[in-house]
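Asker: One structure, pasted below without further comment.
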Amino acid sequence: MNLIKKPSELVVRKEQSILIYGQPGTGKTTLGVSADNPVLFDFDGGIGRINGAHIVPTLQPKGWEEINEALKEVEESGEYHTIVIDTVGKMLDYMTAYIIKDDSRLAQRDGSLSLKGYGVRKKMFVDFLHRLQVMGMNVVFIAHEREERRGDDIVKRPEIGGSSANDLIKELDLVGYLQMLGKQRVISFTPTEFYYAKNTCNLPEQMKIPVLYDNKGGYRENNFLAQISEQYEETQLEKASLRLEYEELCADLRERVASVQTKDELNRAMTTLAKEKVIYDSKLVLWRALQAKGEELGLTYDRIQKSYV
């Protein structure tokens, strides 16, 4: 069995890691728990701001010591498909408190971490991310927004904390910026010059968040992110199918060109194969195969006649 796989042989990862961040009061926690079968790790007390109809099973940690046991419960129960971290910035505060409690030498006089302490927290954070990946579950991170000034412009970024932002963002599949446009909640997964985002499954540039309940007592299912997850999985499967089709097409083009024996056959092949379906750079693959066969037969491509002579 070969360890190195062709693109079409790669295992399609169905699990997603998503970051939602945005303005205060836009319902980030409610949106976070709209994921598929979620369990909420409520580091920020967000559960108290969710409408009772949409509350989900929740961990309200008293300290970081509880996290490993909670992850074991999640893994053993088999009931959940998504872990929601609210917020990732507050989770880092829990890590900081645990690190200082365990070794006070890693703290500075003002109570913040020392340089070495930040190194310990970074490793702790990366290990936590890898643990979530190994569990094979979807993960939704929630963060507040922060503003950065770039010249005369203000750019929105997720408030995560130090270098941990880079460690997290490189692991993510989707990043959505949640904001209010008038009275409508809108999330954007496509990056702009005004906010950071990440879109790996061809989502629309802006998506309206459905209103979940009205003043007449009507309620709607809170499943927006669950639907996003379905679309992401479908996109990944479509990409895998297209990669397989691409490899089969290129193999067929090369084989048919390789069977050519004469100038006339090469010109007929060029005309016929140019009409084949194009996938990715299959047209370039065909052209290179034709060039190689032309050199093998001692022929030259005439750009005026558009044929081999």
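Chain lettering (A, B, ...) mirrors the order of the structure tokens, residue numbering begins at 1 for each chain separately, and ligand numbering begins at 1 in order of display.
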I need the residues of segment 68-296 of chain A that end up classed as helix (DSSP H, G or I) by DSSP on the backbone, written out as a PyMOL selection string.

Answerer: chain A and resi 68-77+88-102+104-106+115-135+164-169+224-258+263-273+282-296

Asker: Name all residues at most 10 Å from segment 245-261 of chain A (count only C-alpha atoms; drop same-chain ones fewer than 2 positions away) and give them as an NGL selection string.

Answerer: :A and (6-8 or 239-243 or 263-270 or 273-274 or 276-294 or 296-297)

Asker: To one decimal place, how far is atom CA of Pro210 of chain A from atom CA of Tyr196 of chain A in Å?

Answerer: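 Distance reported for this atom pair: 22.6 Å.
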
Asker: Would you return as JSON, numbers by chain the members of segment 11-190 of chain A that DSSP assigns to strand (DSSP E) on this structure's backbone?

Answerer: {"A": [17, 18, 19, 20, 21, 22, 38, 39, 40, 41, 42, 58, 59, 82, 83, 84, 85, 86, 138, 139, 140, 141, 142, 143, 144, 145, 146, 147, 148, 149, 150, 153, 154, 155, 156, 157, 158, 159, 174, 175, 176, 177, 178, 179, 180, 181, 184, 185, 186, 187, 188]}

Asker: Write the residues of the selection above to a file with N, CA and C atoms, as a short mmCIF file (atom, residue, chain, number, x, y, z; two decimals), in the first residue's frame.

Answerer:
data_model
loop_
_atom_site.label_atom_id
_atom_site.label_comp_id
_atom_site.auth_asym_id
_atom_site.auth_seq_id
_atom_site.Cartn_x
_atom_site.Cartn_y
_atom_site.Cartn_z
N SER A 17 -14.05 23.26 10.95
CA SER A 17 -13.73 24.17 12.05
C SER A 17 -14.10 25.58 11.57
N ILE A 18 -14.95 26.23 12.34
CA ILE A 18 -15.54 27.51 11.94
C ILE A 18 -15.30 28.55 13.03
N LEU A 19 -15.01 29.77 12.63
CA LEU A 19 -14.92 30.88 13.57
C LEU A 19 -15.98 31.91 13.21
N ILE A 20 -16.77 32.29 14.21
CA ILE A 20 -17.75 33.35 14.06
C ILE A 20 -17.34 34.50 14.96
N TYR A 21 -17.21 35.70 14.41
CA TYR A 21 -16.90 36.85 15.26
C TYR A 21 -17.70 38.04 14.77
N GLY A 22 -17.84 39.05 15.65
CA GLY A 22 -18.59 40.21 15.21
C GLY A 22 -18.94 41.15 16.33
N PRO A 38 -25.07 20.45 18.79
CA PRO A 38 -23.96 21.11 19.50
C PRO A 38 -23.94 20.85 21.00
N VAL A 39 -22.75 20.98 21.58
CA VAL A 39 -22.58 21.11 23.01
C VAL A 39 -21.77 22.39 23.21
N LEU A 40 -22.24 23.26 24.11
CA LEU A 40 -21.63 24.57 24.29
C LEU A 40 -20.66 24.55 25.46
N PHE A 41 -19.41 24.97 25.22
CA PHE A 41 -18.43 25.21 26.27
C PHE A 41 -18.49 26.71 26.55
N ASP A 42 -19.23 27.07 27.60
CA ASP A 42 -19.58 28.46 27.84
C ASP A 42 -18.58 29.12 28.78
N THR A 58 -24.77 22.24 27.88
CA THR A 58 -23.74 23.26 28.11
C THR A 58 -22.81 22.88 29.25
N LEU A 59 -21.52 23.16 29.04
CA LEU A 59 -20.52 23.12 30.12
C LEU A 59 -20.28 24.55 30.57
N THR A 82 -20.92 18.68 17.27
CA THR A 82 -20.21 19.95 17.24
C THR A 82 -19.90 20.44 18.65
N ILE A 83 -18.68 20.92 18.85
CA ILE A 83 -18.31 21.60 20.09
C ILE A 83 -18.25 23.09 19.78
N VAL A 84 -18.97 23.89 20.58
CA VAL A 84 -19.01 25.33 20.40
C VAL A 84 -18.20 25.98 21.54
N ILE A 85 -17.16 26.72 21.18
CA ILE A 85 -16.30 27.39 22.16
C ILE A 85 -16.67 28.87 22.22
N ASP A 86 -17.21 29.32 23.36
CA ASP A 86 -17.70 30.70 23.50
C ASP A 86 -17.13 31.32 24.78
N ASN A 138 -17.11 18.52 14.47
CA ASN A 138 -17.10 19.91 14.03
C ASN A 138 -16.83 20.80 15.23
N VAL A 139 -16.18 21.94 14.99
CA VAL A 139 -15.89 22.89 16.06
C VAL A 139 -16.28 24.28 15.59
N VAL A 140 -16.99 25.00 16.45
CA VAL A 140 -17.34 26.39 16.18
C VAL A 140 -16.71 27.25 17.27
N PHE A 141 -15.84 28.16 16.88
CA PHE A 141 -15.24 29.11 17.81
C PHE A 141 -15.98 30.44 17.67
N ILE A 142 -16.25 31.06 18.80
CA ILE A 142 -16.90 32.37 18.80
C ILE A 142 -15.91 33.38 19.38
N ALA A 143 -15.85 34.55 18.77
CA ALA A 143 -14.93 35.59 19.24
C ALA A 143 -15.58 36.96 19.10
N HIS A 144 -15.16 37.88 19.96
CA HIS A 144 -15.55 39.27 19.79
C HIS A 144 -14.70 39.87 18.67
N GLU A 145 -15.11 41.02 18.20
CA GLU A 145 -14.33 41.70 17.17
C GLU A 145 -13.39 42.73 17.81
N ARG A 146 -12.32 43.04 17.10
CA ARG A 146 -11.47 44.16 17.50
C ARG A 146 -11.16 44.96 16.24
N GLU A 147 -10.79 46.19 16.44
CA GLU A 147 -10.54 47.07 15.30
C GLU A 147 -9.06 47.39 15.18
N GLU A 148 -8.57 47.36 13.95
CA GLU A 148 -7.20 47.77 13.64
C GLU A 148 -7.27 48.92 12.65
N ARG A 149 -6.45 49.91 12.87
CA ARG A 149 -6.41 51.02 11.92
C ARG A 149 -5.35 50.77 10.86
N ARG A 150 -5.77 50.87 9.61
CA ARG A 150 -4.86 50.71 8.48
C ARG A 150 -4.97 51.97 7.62
N ASP A 153 -8.41 53.67 7.12
CA ASP A 153 -9.45 52.65 7.22
C ASP A 153 -9.39 51.92 8.56
N ILE A 154 -10.54 51.44 9.01
CA ILE A 154 -10.62 50.59 10.19
C ILE A 154 -10.96 49.18 9.74
N VAL A 155 -10.15 48.21 10.13
CA VAL A 155 -10.31 46.82 9.71
C VAL A 155 -10.74 45.98 10.90
N LYS A 156 -11.74 45.12 10.70
CA LYS A 156 -12.25 44.24 11.75
C LYS A 156 -11.45 42.94 11.77
N ARG A 157 -11.08 42.51 12.97
CA ARG A 157 -10.37 41.24 13.16
C ARG A 157 -10.96 40.53 14.37
N PRO A 158 -10.89 39.20 14.42
CA PRO A 158 -11.36 38.49 15.62
C PRO A 158 -10.44 38.76 16.81
N GLU A 159 -11.04 38.96 17.96
CA GLU A 159 -10.28 39.18 19.20
C GLU A 159 -9.98 37.82 19.80
N LEU A 174 -13.66 27.85 7.80
CA LEU A 174 -14.52 28.99 7.51
C LEU A 174 -14.38 30.04 8.60
N VAL A 175 -14.38 31.30 8.21
CA VAL A 175 -14.41 32.41 9.16
C VAL A 175 -15.50 33.36 8.70
N GLY A 176 -16.45 33.65 9.60
CA GLY A 176 -17.56 34.53 9.25
C GLY A 176 -17.61 35.75 10.13
N TYR A 177 -17.82 36.92 9.51
CA TYR A 177 -17.96 38.17 10.24
C TYR A 177 -19.44 38.51 10.34
N LEU A 178 -19.95 38.61 11.59
CA LEU A 178 -21.36 38.85 11.84
C LEU A 178 -21.58 40.32 12.18
N GLN A 179 -22.56 40.95 11.52
CA GLN A 179 -22.81 42.37 11.74
C GLN A 179 -24.28 42.68 11.52
N MET A 180 -24.69 43.86 11.95
CA MET A 180 -26.04 44.34 11.71
C MET A 180 -26.03 45.32 10.54
N LEU A 181 -26.85 45.07 9.56
CA LEU A 181 -27.07 46.01 8.46
C LEU A 181 -28.52 46.46 8.57
N GLN A 184 -31.17 43.95 10.09
CA GLN A 184 -30.94 42.60 9.62
C GLN A 184 -29.56 42.09 10.05
N ARG A 185 -29.53 40.90 10.67
CA ARG A 185 -28.25 40.26 10.98
C ARG A 185 -27.70 39.63 9.70
N VAL A 186 -26.44 39.93 9.41
CA VAL A 186 -25.82 39.43 8.17
C VAL A 186 -24.45 38.86 8.51
N ILE A 187 -24.11 37.71 7.92
CA ILE A 187 -22.79 37.13 8.10
C ILE A 187 -22.08 37.05 6.76
N SER A 188 -20.80 37.37 6.78
CA SER A 188 -19.99 37.38 5.55
C SER A 188 -18.81 36.44 5.72
#

Asker: Excluding Asn37 of chain A and any residue of its chain fewer than 2 positions from it, enumerate the residues within 9 Å of it, using only C-alpha atoms, and give them as a list in words.

Answerer: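 The residues satisfying every condition are Val33, Ser34, Ala35, Val39, Val56, Glu79, Tyr80, His81, Thr82, Ile83 and Ala226 of chain A.
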
Asker: Please, could you write that set of residues out with C-alpha atoms as a PDB file, in the first residue's frame?

Answerer:
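Contents of part.pdb, freshly written:
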ATOM      1  CA  VAL A  33     -25.379  26.786  18.738  1.00  0.00           C
ATOM      2  CA  SER A  34     -27.231  26.599  15.409  1.00  0.00           C
ATOM      3  CA  ALA A  35     -24.590  24.024  14.439  1.00  0.00           C
ATOM      4  CA  VAL A  39     -22.577  21.115  23.013  1.00  0.00           C
ATOM      5  CA  VAL A  56     -28.388  23.402  24.216  1.00  0.00           C
ATOM      6  CA  GLU A  79     -24.600  12.387  21.151  1.00  0.00           C
ATOM      7  CA  TYR A  80     -22.880  15.493  19.819  1.00  0.00           C
ATOM      8  CA  HIS A  81     -21.502  16.454  16.420  1.00  0.00           C
ATOM      9  CA  THR A  82     -20.214  19.954  17.237  1.00  0.00           C
ATOM     10  CA  ILE A  83     -18.314  21.595  20.088  1.00  0.00           C
ATOM     11  CA  ALA A 226     -25.940  23.074  10.457  1.00  0.00           C
TER      12      ALA A 226
END

Asker: Please list as a PyMOL selection string every residue within 12 Å of segment 113-129 of chain A, counting only C-alpha atoms and excluding residues in the same chain fewer than 6 positions away.

Answerer: chain A and resi 17+64+67-68+71+83+85+88-89+91-107+135-141+160-172

Asker: If I take atom CA of Gly32 of chain A and atom CA of His54 of chain A, how far is one from the other in Å, to one decimal?

Answerer: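 These atoms are spaced 10.7 Å apart.
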
Asker: Quick check, in Å to one decimal: how far apart do atom CA of Gly78 of chain A and atom CA of Leu212 of chain A lie?

Answerer: 27.7 Å

Asker: Just checking: using only C-alpha atoms, which residue out of A:Met207, A:Ala197, A:Val309, A:Leu31 ends up closest to Glu221 of chain A?

Answerer: A:Leu31

Asker: Find, counting only C-alpha atoms, the residue in A:Lys208, A:Lys5, A:Arg49, A:Lys275 that gets nearest to Pro24 of chain A.

Answerer: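 The answer is A:Arg49, which sits nearest to Pro24 of chain A.
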
Asker: Between A:Leu225, A:Tyr308, A:Glu76, A:Leu244, which residue has the minimum interatomic distance to Thr271 of chain A, considering only C-alpha atoms?

Answerer: A:Tyr308

Asker: Counting only C-alpha atoms, which of A:Asn51, A:Gln108, A:Asn2, A:Pro191 gets nearest to Tyr213 of chain A?

Answerer: A:Asn51
